[in-house]
>>> print(open('upload-v8.csv').read())   # CSV, C-alpha atoms
chain,number,residue,atom,x,y,z
Z,29,MET,CA,-102.1,206.9,-62.5
Z,30,ASN,CA,-100.2,210.1,-61.6
Z,31,LEU,CA,-99.3,211.2,-58.1
Z,32,LEU,CA,-102.0,214.0,-58.0
Z,33,THR,CA,-104.8,211.5,-58.7
Z,34,THR,CA,-103.4,209.2,-56.1
Z,35,PHE,CA,-103.3,212.0,-53.6
Z,36,ILE,CA,-107.0,212.9,-54.4
Z,37,LEU,CA,-108.0,209.3,-53.9
Z,38,ALA,CA,-106.1,209.2,-50.6
Z,39,ILE,CA,-108.0,212.3,-49.4
Z,40,ARG,CA,-111.3,210.7,-50.3
Z,41,GLU,CA,-110.4,207.6,-48.4
Z,42,VAL,CA,-109.5,209.7,-45.3
Z,43,ARG,CA,-112.8,211.6,-45.5
Z,44,ARG,CA,-114.7,208.4,-45.9
Z,45,HIS,CA,-113.4,207.1,-42.6
Z,46,LEU,CA,-113.0,210.5,-40.9
Z,47,LEU,CA,-113.2,209.4,-37.2
Z,48,ARG,CA,-110.9,206.4,-37.7
Z,49,SER,CA,-108.4,208.6,-39.5
Z,50,ALA,CA,-108.5,211.2,-36.8
Z,51,LEU,CA,-107.9,208.6,-34.1
Z,52,THR,CA,-105.1,207.1,-36.2
Z,53,THR,CA,-103.3,210.4,-36.5
Z,54,LEU,CA,-103.7,211.3,-32.8
Z,55,GLY,CA,-100.3,209.8,-31.9
Z,56,ILE,CA,-98.6,211.9,-34.6
Z,57,VAL,CA,-100.4,215.1,-33.5
Z,58,ILE,CA,-99.4,214.5,-29.8
Z,59,GLY,CA,-95.8,213.6,-30.7
Z,60,VAL,CA,-95.2,216.6,-33.0
Z,61,GLY,CA,-97.0,219.0,-30.7
Z,62,ALA,CA,-95.1,217.7,-27.6
Z,63,VAL,CA,-91.7,218.0,-29.3
Z,64,ILE,CA,-92.4,221.6,-30.4
Z,65,LEU,CA,-93.7,222.5,-26.9
Z,66,MET,CA,-90.7,221.0,-25.1
Z,67,VAL,CA,-88.1,222.6,-27.4
Z,68,THR,CA,-89.9,226.0,-27.3
Z,69,LEU,CA,-90.1,226.0,-23.5
Z,70,GLY,CA,-86.4,225.0,-23.4
Z,71,ARG,CA,-85.4,227.8,-25.7
Z,72,GLY,CA,-87.5,230.2,-23.7
Z,73,ALA,CA,-85.8,229.1,-20.4
Z,74,GLN,CA,-82.4,229.5,-21.9
Z,75,ALA,CA,-83.3,233.0,-23.1
Z,76,GLN,CA,-84.6,233.9,-19.7
Z,77,VAL,CA,-81.5,232.7,-17.9
Z,78,THR,CA,-79.3,234.6,-20.4
Z,79,SER,CA,-81.3,237.7,-20.0
Z,80,THR,CA,-81.4,237.4,-16.2
Z,81,ILE,CA,-77.7,237.0,-15.9
Z,82,SER,CA,-77.0,239.8,-18.4
Z,83,SER,CA,-79.2,242.1,-16.4
Z,84,LEU,CA,-76.9,241.6,-13.3
Z,85,GLY,CA,-74.1,243.6,-15.0
Z,86,ARG,CA,-71.5,243.5,-17.7
Z,87,ASN,CA,-68.3,241.4,-17.5
Z,88,LEU,CA,-69.4,240.4,-14.1
Z,89,MET,CA,-68.0,237.9,-11.5
Z,90,ILE,CA,-69.1,237.2,-8.0
Z,91,LEU,CA,-66.7,236.5,-5.1
Z,92,VAL,CA,-68.4,234.3,-2.4
Z,93,PRO,CA,-67.3,232.2,0.6
Z,94,GLU,CA,-67.5,228.5,-0.2
Z,95,ARG,CA,-66.9,225.5,2.0
Z,96,ALA,CA,-63.6,223.9,1.2
Z,97,VAL,CA,-63.3,220.1,1.3
Z,98,ARG,CA,-60.7,219.0,3.7
Z,99,THR,CA,-59.9,215.5,4.9
Z,100,GLY,CA,-61.1,214.8,8.4
Z,101,GLY,CA,-63.2,217.9,8.9
Z,102,GLY,CA,-65.5,220.6,7.6
Z,103,GLY,CA,-64.2,223.6,5.6
Z,104,SER,CA,-64.2,227.3,6.6
Z,105,THR,CA,-67.0,229.5,5.4
Z,106,ALA,CA,-65.5,232.7,7.0
Z,107,PRO,CA,-67.0,235.9,5.5
Z,108,PHE,CA,-64.8,238.5,3.9
Z,109,LYS,CA,-63.6,241.7,5.5
Z,110,MET,CA,-63.4,245.3,4.2
Z,111,GLU,CA,-59.7,244.9,4.1
Z,112,ASP,CA,-60.1,242.2,1.5
Z,113,MET,CA,-62.1,244.5,-0.7
Z,114,LEU,CA,-59.6,247.3,-0.4
Z,115,ALA,CA,-56.8,244.9,-1.4
Z,116,ILE,CA,-58.7,243.8,-4.5
Z,117,ALA,CA,-59.3,247.4,-5.5
Z,118,ARG,CA,-55.7,248.2,-4.9
Z,119,ASP,CA,-53.9,245.1,-6.3
Z,120,VAL,CA,-56.2,243.9,-9.2
Z,121,PRO,CA,-56.0,246.2,-12.2
Z,122,ASN,CA,-58.9,246.7,-14.6
Z,123,ALA,CA,-61.5,245.6,-12.1
Z,124,VAL,CA,-64.3,247.3,-10.1
Z,125,VAL,CA,-65.1,245.6,-6.8
Z,126,ALA,CA,-68.4,246.2,-5.0
Z,127,PRO,CA,-68.8,244.6,-1.5
Z,128,GLN,CA,-72.2,243.6,-0.3
Z,129,ALA,CA,-73.8,242.4,2.9
Z,130,ALA,CA,-77.5,241.5,3.0
Z,131,SER,CA,-80.4,240.0,5.0
Z,132,SER,CA,-84.2,240.1,5.0
Z,133,VAL,CA,-85.6,242.7,7.3
Z,134,LEU,CA,-89.1,243.9,8.0
Z,135,VAL,CA,-89.6,247.3,6.4
Z,136,ILE,CA,-92.4,249.6,7.5
Z,137,TYR,CA,-93.9,252.7,6.0
Z,138,GLY,CA,-97.2,254.1,7.5
Z,139,ASN,CA,-99.6,251.2,7.7
Z,140,GLU,CA,-97.7,249.1,5.2
Z,141,SER,CA,-95.0,246.6,6.2
Z,142,ARG,CA,-93.3,243.7,4.5
Z,143,PRO,CA,-90.0,241.7,4.7
Z,144,VAL,CA,-87.6,243.1,2.1
Z,145,GLY,CA,-84.0,242.2,1.1
Z,146,VAL,CA,-81.9,244.9,2.8
Z,147,THR,CA,-78.4,245.3,1.3
Z,148,GLY,CA,-75.4,247.3,2.5
Z,149,ILE,CA,-73.3,248.6,-0.4
Z,150,ASP,CA,-71.0,251.4,-1.6
Z,151,ASN,CA,-71.4,253.3,-4.8
Z,152,GLN,CA,-69.2,250.9,-6.7
Z,153,TRP,CA,-72.2,248.5,-6.5
Z,154,PHE,CA,-74.1,250.7,-9.0
Z,155,VAL,CA,-71.1,250.6,-11.4
Z,156,ALA,CA,-70.4,246.8,-11.1
Z,157,ARG,CA,-74.1,245.9,-11.4
Z,158,ASP,CA,-74.7,248.5,-14.2
Z,159,TRP,CA,-77.8,249.6,-12.4
Z,160,LYS,CA,-79.2,253.1,-13.0
Z,161,LEU,CA,-81.5,255.3,-10.9
Z,162,SER,CA,-84.9,256.4,-12.2
Z,163,ALA,CA,-85.0,259.3,-9.7
Z,164,GLY,CA,-83.0,260.7,-6.8
Z,165,ARG,CA,-79.3,260.1,-6.2
Z,166,THR,CA,-76.8,257.6,-4.9
Z,167,PHE,CA,-75.0,258.0,-1.6
Z,168,SER,CA,-72.6,260.9,-0.9
Z,169,ASP,CA,-69.0,260.2,0.4
Z,170,ALA,CA,-70.0,261.7,3.7
Z,171,GLU,CA,-73.0,259.3,4.0
Z,172,LEU,CA,-70.8,256.3,3.2
Z,173,ARG,CA,-68.1,257.3,5.7
Z,174,SER,CA,-70.4,258.2,8.6
Z,175,GLY,CA,-73.0,255.5,8.1
Z,176,ARG,CA,-75.9,257.9,7.9
Z,177,PRO,CA,-79.3,256.2,7.6
Z,178,VAL,CA,-80.3,256.9,4.0
Z,179,CYS,CA,-81.5,254.4,1.4
Z,180,VAL,CA,-82.2,253.7,-2.2
Z,181,ILE,CA,-85.2,251.5,-2.9
Z,182,GLY,CA,-86.2,249.2,-5.8
Z,183,ALA,CA,-89.3,249.5,-8.0
Z,184,THR,CA,-91.2,246.6,-6.3
Z,185,THR,CA,-90.5,248.0,-2.8
Z,186,ARG,CA,-91.8,251.4,-3.9
Z,187,LYS,CA,-94.9,250.0,-5.4
Z,188,GLU,CA,-95.8,247.8,-2.4
Z,189,LEU,CA,-95.1,250.4,0.3
Z,190,PHE,CA,-95.8,253.7,-1.3
Z,191,LYS,CA,-98.4,252.8,-4.0
Z,192,TYR,CA,-98.7,256.0,-6.0
Z,193,GLN,CA,-96.9,258.4,-3.6
Z,194,ASN,CA,-93.5,259.9,-4.3
Z,195,PRO,CA,-91.1,258.2,-1.9
Z,196,LEU,CA,-88.2,260.6,-2.3
Z,197,GLY,CA,-87.6,262.3,1.1
Z,198,ALA,CA,-90.0,259.9,2.9
Z,199,THR,CA,-88.8,258.0,6.0
Z,200,LEU,CA,-88.9,254.2,6.2
Z,201,ARG,CA,-88.4,252.1,9.3
Z,202,ILE,CA,-86.0,249.2,8.6
Z,203,GLY,CA,-86.1,247.0,11.7
Z,204,LYS,CA,-85.5,249.6,14.4
Z,205,VAL,CA,-83.7,252.1,12.1
Z,206,SER,CA,-85.4,255.1,10.5
Z,207,CYS,CA,-84.1,255.8,7.1
Z,208,GLU,CA,-84.6,258.6,4.5
Z,209,VAL,CA,-85.3,257.5,0.9
Z,210,VAL,CA,-82.9,259.4,-1.4
Z,211,GLY,CA,-83.0,257.4,-4.6
Z,212,LEU,CA,-85.2,255.0,-6.7
Z,213,LEU,CA,-83.7,252.2,-8.8
Z,214,GLU,CA,-84.8,251.5,-12.3
Z,215,ALA,CA,-86.9,248.3,-12.6
Z,216,LYS,CA,-85.0,245.2,-13.7
Z,217,GLY,CA,-88.0,242.8,-13.8
Z,218,ALA,CA,-88.7,239.6,-11.9
Z,219,SER,CA,-87.5,236.2,-13.2
Z,220,PHE,CA,-87.7,232.5,-11.9
Z,221,GLY,CA,-89.5,233.5,-8.7
Z,222,ASN,CA,-86.8,236.1,-7.8
Z,223,ASP,CA,-87.5,239.8,-7.8
Z,224,PRO,CA,-84.3,241.9,-7.8
Z,225,ASP,CA,-86.5,245.1,-7.6
Z,226,ASP,CA,-87.7,244.2,-4.1
Z,227,VAL,CA,-84.7,245.7,-2.4
Z,228,VAL,CA,-83.6,248.4,0.0
Z,229,LEU,CA,-80.0,249.6,-0.4
Z,230,LEU,CA,-78.1,251.2,2.5
Z,231,PRO,CA,-74.6,252.5,2.8
Z,232,LEU,CA,-72.4,249.6,3.9
Z,233,GLN,CA,-71.3,251.2,7.1
Z,234,THR,CA,-75.0,251.9,8.0
Z,235,TYR,CA,-76.0,248.3,7.4
Z,236,GLN,CA,-73.0,246.9,9.3
Z,237,ARG,CA,-73.4,249.1,12.4
Z,238,ARG,CA,-77.2,249.3,12.7
Z,239,ILE,CA,-78.6,246.2,11.0
Z,240,ALA,CA,-76.1,243.4,11.1
Z,241,GLY,CA,-74.0,244.4,14.1
Z,242,ASN,CA,-70.8,243.2,12.6
Z,243,ARG,CA,-68.3,244.2,9.8
Z,244,ASP,CA,-68.7,241.0,7.8
Z,245,ILE,CA,-69.1,241.1,4.0
Z,246,GLY,CA,-71.1,238.3,2.6
Z,247,MET,CA,-70.0,238.6,-1.0
Z,248,ALA,CA,-68.6,241.0,-3.6
Z,249,TRP,CA,-69.5,241.8,-7.2
Z,250,ILE,CA,-66.4,242.2,-9.4
Z,251,SER,CA,-66.7,243.8,-12.8
Z,252,ALA,CA,-63.9,243.6,-15.4
Z,253,ARG,CA,-63.3,246.7,-17.5
Z,254,SER,CA,-63.7,244.6,-20.7
Z,255,SER,CA,-64.6,241.0,-21.6
Z,256,ASP,CA,-60.9,240.5,-22.5
Z,257,ASP,CA,-59.9,241.2,-18.9
Z,258,ILE,CA,-62.3,238.7,-17.3
Z,259,ALA,CA,-59.9,235.7,-17.2
Z,260,LYS,CA,-57.0,237.7,-15.8
Z,261,VAL,CA,-59.1,239.5,-13.2
Z,262,GLN,CA,-60.5,236.1,-12.1
Z,263,ALA,CA,-57.0,234.6,-11.8
Z,264,ASP,CA,-55.7,237.7,-10.0
Z,265,VAL,CA,-58.5,237.8,-7.5
Z,266,THR,CA,-58.2,234.0,-6.8
Z,267,SER,CA,-54.5,234.3,-6.2
Z,268,LEU,CA,-54.9,237.4,-3.9
Z,269,MET,CA,-57.7,235.9,-1.8
Z,270,HIS,CA,-55.8,232.6,-1.5
Z,271,GLU,CA,-53.0,234.6,0.0
Z,272,ARG,CA,-55.1,236.8,2.2
Z,273,ARG,CA,-57.0,233.9,3.7
Z,274,ARG,CA,-53.7,232.2,4.5
Z,275,LEU,CA,-54.3,229.1,2.5
Z,276,GLY,CA,-51.2,226.9,2.1
Z,277,PRO,CA,-49.9,225.5,-1.2
Z,278,GLY,CA,-52.3,222.8,-2.6
Z,279,GLU,CA,-54.9,223.7,0.1
Z,280,PRO,CA,-58.4,224.0,-1.4
Z,281,ASP,CA,-59.9,227.4,-1.6
Z,282,ASP,CA,-62.7,228.3,0.9
Z,283,PHE,CA,-64.0,230.9,-1.6
Z,284,ALA,CA,-65.0,231.0,-5.2
Z,285,VAL,CA,-64.7,233.6,-8.0
Z,286,LYS,CA,-67.5,232.7,-10.4
Z,287,ASP,CA,-67.7,234.1,-13.9
Z,288,MET,CA,-71.4,234.9,-14.7
Z,289,LYS,CA,-70.8,234.0,-18.4
Z,290,GLU,CA,-69.6,230.5,-17.3
Z,291,ILE,CA,-72.6,230.1,-15.1
Z,292,SER,CA,-74.9,231.1,-18.0
Z,293,LYS,CA,-73.1,228.7,-20.2
Z,294,THR,CA,-73.5,225.8,-17.7
Z,295,VAL,CA,-77.1,226.5,-17.1
Z,296,GLY,CA,-77.7,226.7,-20.9
Z,297,GLN,CA,-76.0,223.3,-21.3
Z,298,VAL,CA,-78.1,221.7,-18.6
Z,299,THR,CA,-81.3,223.3,-20.1
Z,300,THR,CA,-80.4,222.0,-23.6
Z,301,LEU,CA,-79.7,218.5,-22.2
Z,302,LEU,CA,-83.0,218.5,-20.3
Z,303,THR,CA,-84.9,219.8,-23.3
Z,304,ALA,CA,-83.4,217.1,-25.6
Z,305,PHE,CA,-84.3,214.4,-23.0
Z,306,LEU,CA,-87.9,215.5,-22.7
Z,307,SER,CA,-88.2,216.0,-26.5
Z,308,SER,CA,-86.9,212.4,-27.1
Z,309,ILE,CA,-89.6,211.1,-24.7
Z,310,ALA,CA,-92.2,213.1,-26.5
Z,311,ALA,CA,-90.9,211.8,-29.8
Z,312,VAL,CA,-91.9,208.3,-28.7
Z,313,SER,CA,-95.5,209.4,-29.4
Z,314,LEU,CA,-94.5,209.7,-33.1
Z,315,VAL,CA,-93.4,206.0,-33.1
Z,316,VAL,CA,-96.6,205.0,-31.4
Z,317,GLY,CA,-98.5,207.1,-34.0
Z,318,GLY,CA,-96.6,205.3,-36.8
Z,319,VAL,CA,-97.6,201.9,-35.4
Z,320,GLY,CA,-101.2,203.1,-35.4
Z,321,ILE,CA,-100.9,204.1,-39.0
Z,322,MET,CA,-99.5,200.8,-40.0
Z,323,ASN,CA,-102.2,199.0,-38.1
Z,324,ILE,CA,-105.0,201.0,-39.7
Z,325,MET,CA,-103.5,200.6,-43.2
Z,326,LEU,CA,-103.3,196.8,-42.7
Z,327,VAL,CA,-107.0,196.9,-41.8
Z,328,SER,CA,-107.6,199.0,-44.9
Z,329,VAL,CA,-105.8,196.5,-47.1
Z,330,LYS,CA,-108.0,193.8,-45.7
Z,331,GLU,CA,-111.2,195.7,-46.2
Z,332,ARG,CA,-110.3,196.7,-49.8
Z,333,THR,CA,-108.9,193.4,-51.0
Z,334,ARG,CA,-111.7,193.0,-53.6
Z,335,GLU,CA,-111.1,196.6,-54.8
Z,336,ILE,CA,-107.4,195.8,-55.2
Z,337,GLY,CA,-108.2,192.7,-57.2
Z,338,ILE,CA,-110.5,194.6,-59.5
Z,339,ARG,CA,-107.9,197.3,-60.1
Z,340,MET,CA,-105.1,194.8,-60.8
Z,341,SER,CA,-107.4,192.8,-63.1
Z,342,ILE,CA,-108.0,195.8,-65.4
Z,343,GLY,CA,-104.3,196.6,-65.7
Z,344,ALA,CA,-103.1,198.3,-62.5
Z,345,MET,CA,-99.4,197.6,-61.9
Z,346,GLU,CA,-98.0,196.5,-58.5
Z,347,GLY,CA,-96.2,199.8,-58.2
Z,348,GLU,CA,-99.4,201.8,-58.7
Z,349,VAL,CA,-101.2,199.8,-56.0
Z,350,MET,CA,-98.3,200.2,-53.7
Z,351,GLN,CA,-98.1,203.9,-54.4
Z,352,GLN,CA,-101.8,204.3,-53.6
Z,353,PHE,CA,-101.5,202.8,-50.1
Z,354,LEU,CA,-98.2,204.5,-49.4
Z,355,VAL,CA,-99.6,207.9,-50.3
Z,356,GLU,CA,-102.6,207.2,-48.0
Z,357,ALA,CA,-100.3,206.5,-45.1
Z,358,VAL,CA,-98.1,209.5,-45.8
Z,359,THR,CA,-101.2,211.7,-46.1
Z,360,LEU,CA,-102.4,210.6,-42.7
Z,361,SER,CA,-99.0,211.3,-41.1
Z,362,VAL,CA,-98.7,214.7,-42.9
Z,363,LEU,CA,-102.2,215.7,-41.8
Z,364,GLY,CA,-101.2,214.7,-38.2
Z,365,GLY,CA,-98.0,216.6,-38.5
Z,366,LEU,CA,-99.7,219.8,-39.6
Z,367,MET,CA,-102.2,219.6,-36.8
Z,368,GLY,CA,-99.4,218.8,-34.4
Z,369,VAL,CA,-97.4,221.8,-35.5
Z,370,ALA,CA,-100.4,224.1,-35.0
Z,371,GLY,CA,-101.2,222.5,-31.7
Z,372,GLY,CA,-97.6,222.7,-30.6
Z,373,LEU,CA,-97.2,226.4,-31.5
Z,374,LEU,CA,-100.5,227.3,-29.8
Z,375,SER,CA,-99.8,225.3,-26.6
Z,376,SER,CA,-96.2,226.8,-26.5
Z,377,ALA,CA,-97.5,230.4,-26.7
Z,378,ILE,CA,-100.1,229.7,-24.0
Z,379,ALA,CA,-97.5,227.9,-21.7
Z,380,CYS,CA,-94.9,230.7,-22.2
Z,381,HIS,CA,-97.5,233.3,-21.3
Z,382,PHE,CA,-98.6,231.6,-18.1
Z,383,ILE,CA,-95.1,230.7,-16.8
Z,384,LYS,CA,-93.6,234.0,-17.8
Z,385,LEU,CA,-91.1,232.8,-20.3
Z,386,PRO,CA,-90.2,234.5,-23.6
Z,387,PHE,CA,-91.7,232.8,-26.7
Z,388,VAL,CA,-88.6,231.7,-28.7
Z,389,LEU,CA,-89.6,229.9,-31.8
Z,390,ASP,CA,-87.1,227.6,-33.4
Z,391,PHE,CA,-88.2,227.1,-37.0
Z,392,SER,CA,-85.7,224.3,-37.5
Z,393,ILE,CA,-87.4,222.1,-34.9
Z,394,VAL,CA,-90.8,222.8,-36.4
Z,395,VAL,CA,-89.5,221.7,-39.8
Z,396,LEU,CA,-87.7,218.7,-38.3
Z,397,ALA,CA,-90.8,217.5,-36.4
Z,398,PHE,CA,-92.9,217.8,-39.5
Z,399,VAL,CA,-90.4,216.0,-41.7
Z,400,PHE,CA,-90.1,213.3,-39.1
Z,401,SER,CA,-93.9,212.8,-39.1
Z,402,ALA,CA,-93.9,212.4,-42.9
Z,403,THR,CA,-91.0,209.9,-42.6
Z,404,VAL,CA,-93.0,207.9,-40.1
Z,405,GLY,CA,-95.8,207.6,-42.7
Z,406,VAL,CA,-93.4,206.3,-45.3
Z,407,VAL,CA,-91.7,203.9,-42.9
Z,408,PHE,CA,-94.8,202.5,-41.3
Z,409,GLY,CA,-96.9,202.6,-44.5
Z,410,TYR,CA,-94.4,200.7,-46.6
Z,411,PHE,CA,-95.3,197.2,-45.2
Z,412,PRO,CA,-99.1,197.5,-45.7
Z,413,ALA,CA,-98.5,199.0,-49.2
Z,414,ARG,CA,-96.2,196.2,-50.2
Z,415,GLN,CA,-98.7,193.6,-48.8
Z,416,ALA,CA,-101.5,195.2,-51.0
Z,417,ALA,CA,-99.3,195.3,-54.1
Z,418,ARG,CA,-98.4,191.6,-53.7
Z,419,LEU,CA,-102.0,190.3,-53.5
Z,420,ASP,CA,-102.9,187.7,-56.1
Z,421,PRO,CA,-105.6,189.4,-58.3
Z,422,ILE,CA,-107.6,186.1,-58.7
Z,423,GLU,CA,-107.6,185.4,-54.9
Z,424,ALA,CA,-108.4,189.1,-54.3
Z,425,LEU,CA,-111.4,188.9,-56.6
Z,426,ARG,CA,-112.7,185.8,-54.8
Z,427,TYR,CA,-112.4,187.6,-51.4
Z,428,GLU,CA,-115.7,188.4,-49.6
>>> encode(input="upload-v8.csv", output="structure tokens")
Amino acid sequence: MNLLTTFILAIREVRRHLLRSALTTLGIVIGVGAVILMVTLGRGAQAQVTSTISSLGRNLMILVPERAVRTGGGGSTAPFKMEDMLAIARDVPNAVVAPQAASSVLVIYGNESRPVGVTGIDNQWFVARDWKLSAGRTFSDAELRSGRPVCVIGATTRKELFKYQNPLGATLRIGKVSCEVVGLLEAKGASFGNDPDDVVLLPLQTYQRRIAGNRDIGMAWISARSSDDIAKVQADVTSLMHERRRLGPGEPDDFAVKDMKEISKTVGQVTTLLTAFLSSIAAVSLVVGGVGIMNIMLVSVKERTREIGIRMSIGAMEGEVMQQFLVEAVTLSVLGGLMGVAGGLLSSAIACHFIKLPFVLDFSIVVLAFVFSATVGVVFGYFPARQAARLDPIEALRYE
């Protein structure tokens, strides 16, 4: 009996016990679908993180205060000063430094009001962050020096406060400060619950004098001229800040210069590990499905003992009987795999849509999950098939 005939007989057997076959393959369907769903969501999360970090700027690093670990006491978290920023701009070649100070402040326009992230910057911020304007202008040198109350607003802030009005030239109230809108930022897009477009930018002097009431700088964006310069710029800034913050030899830094590419790589590794962990848990369903297939095939062998005896008595070989039951087991697992692939892709697309992740399809995991489901059919179908092939024809014929 050739393989095609065996396959046709296997399909007939599946159709004859359709409900039983469907329940048998359920574990395979769930396992394959869950693996595809977990991997697709993981790939989407990685793509989202990479896209988000890339949108911050090119060749970017951040300089932030960070508590140093010292024996017998807490570490310093002193903010930076403008003198630190000027020293970096002067002493670190091939780098653009953009100081920043920020806080959440109630912003009011007409009858609309909402808390917004208000940030004090200079024009280097637009260069380091690689952030363009959709309309208007950046701050003039006179505005930066004098601390004049002018501002540039993000796309979300514009939408929430101005609706369909043109905000250029309008006056916002930021806390107790009235501020003229002179520019509009291009939209970056929200991600992971954070909306970078919900922002109001002020000249740094304006923010320090009229909002914060101090000259502290909370952090700085540092952009290297090229990707080849990142490591050197990072080392130079670290050395310079170690000196300016008067830290002794061997004393831990109370600041950090973080390369955004390294952050992206670390997040990607964590996401990959978490995806692999969740996928391995989901793959347990495939094993459970395999056990179900073996169980139902053993039942099938028992039910068809007399049929097996008749076939063997008219000349069927052990190998042919074994092939028949093995093909039936593989057919069940393959059908389950196909339904699992369809269900996994559909559920992945729906999940990515609702949680706002890009749909990144990895064809290799689809193929791997399908091949694994077929392998499960071979592995767990082998024992029932062998048991069927080894039946004594005479005893099988006597079976009622």
>>> closest_residue(input="upload-v8.csv", among="Z:Lys289, Z:Arg272, Z:Arg414, Z:His381", to="Gln351 of chain Z", atoms="all atoms listed in the file")
Z:Arg414
>>> closest_residue(input="upload-v8.csv", among="Z:Ser267, Z:Thr359, Z:Ser375, Z:Thr105", to="Asp282 of chain Z", atoms="only C-alpha atoms")
Z:Thr105
>>> residues_around(input="upload-v8.csv", residues="segment 107-122 of chain Z", least_positions_apart="2", cutoff="8 Å", atoms="only C-alpha atoms", output="PDB file with C-alpha atoms, keeping the file's coordinate frame")
ATOM      1  CA  PRO Z  93     -67.300 232.200   0.600  1.00  0.00           C
ATOM      2  CA  THR Z 105     -67.000 229.500   5.400  1.00  0.00           C
ATOM      3  CA  VAL Z 124     -64.300 247.300 -10.100  1.00  0.00           C
ATOM      4  CA  VAL Z 125     -65.100 245.600  -6.800  1.00  0.00           C
ATOM      5  CA  ALA Z 126     -68.400 246.200  -5.000  1.00  0.00           C
ATOM      6  CA  PRO Z 127     -68.800 244.600  -1.500  1.00  0.00           C
ATOM      7  CA  ARG Z 243     -68.300 244.200   9.800  1.00  0.00           C
ATOM      8  CA  ASP Z 244     -68.700 241.000   7.800  1.00  0.00           C
ATOM      9  CA  ILE Z 245     -69.100 241.100   4.000  1.00  0.00           C
ATOM     10  CA  GLY Z 246     -71.100 238.300   2.600  1.00  0.00           C
ATOM     11  CA  MET Z 247     -70.000 238.600  -1.000  1.00  0.00           C
ATOM     12  CA  ALA Z 248     -68.600 241.000  -3.600  1.00  0.00           C
ATOM     13  CA  ALA Z 252     -63.900 243.600 -15.400  1.00  0.00           C
ATOM     14  CA  ARG Z 253     -63.300 246.700 -17.500  1.00  0.00           C
ATOM     15  CA  ASP Z 257     -59.900 241.200 -18.900  1.00  0.00           C
ATOM     16  CA  VAL Z 261     -59.100 239.500 -13.200  1.00  0.00           C
ATOM     17  CA  ASP Z 264     -55.700 237.700 -10.000  1.00  0.00           C
ATOM     18  CA  VAL Z 265     -58.500 237.800  -7.500  1.00  0.00           C
ATOM     19  CA  LEU Z 268     -54.900 237.400  -3.900  1.00  0.00           C
ATOM     20  CA  MET Z 269     -57.700 235.900  -1.800  1.00  0.00           C
ATOM     21  CA  ARG Z 272     -55.100 236.800   2.200  1.00  0.00           C
TER      22      ARG Z 272
END
>>> atom_distance(input="upload-v8.csv", atom1="atom CA of Ala129 of chain Z", atom2="atom CA of Arg186 of chain Z")
21.2 Å
>>> closest_residue(input="upload-v8.csv", among="Z:Pro231, Z:Gly72, Z:Gly164, Z:Gly148", to="Val178 of chain Z", atoms="only C-alpha atoms")
Z:Pro231
>>> closest_residue(input="upload-v8.csv", among="Z:Leu47, Z:Ala240, Z:Ala397, Z:Ile378", to="Val205 of chain Z", atoms="all atoms listed in the file")
Z:Ala240
>>> closest_residue(input="upload-v8.csv", among="Z:Leu212, Z:Ala123, Z:Cys179, Z:Ala379", to="Ala163 of chain Z", atoms="all atoms listed in the file")
Z:Leu212
>>> atom_distance(input="upload-v8.csv", atom1="atom CA of Gln352 of chain Z", atom2="atom CA of Val60 of chain Z")
24.9 Å
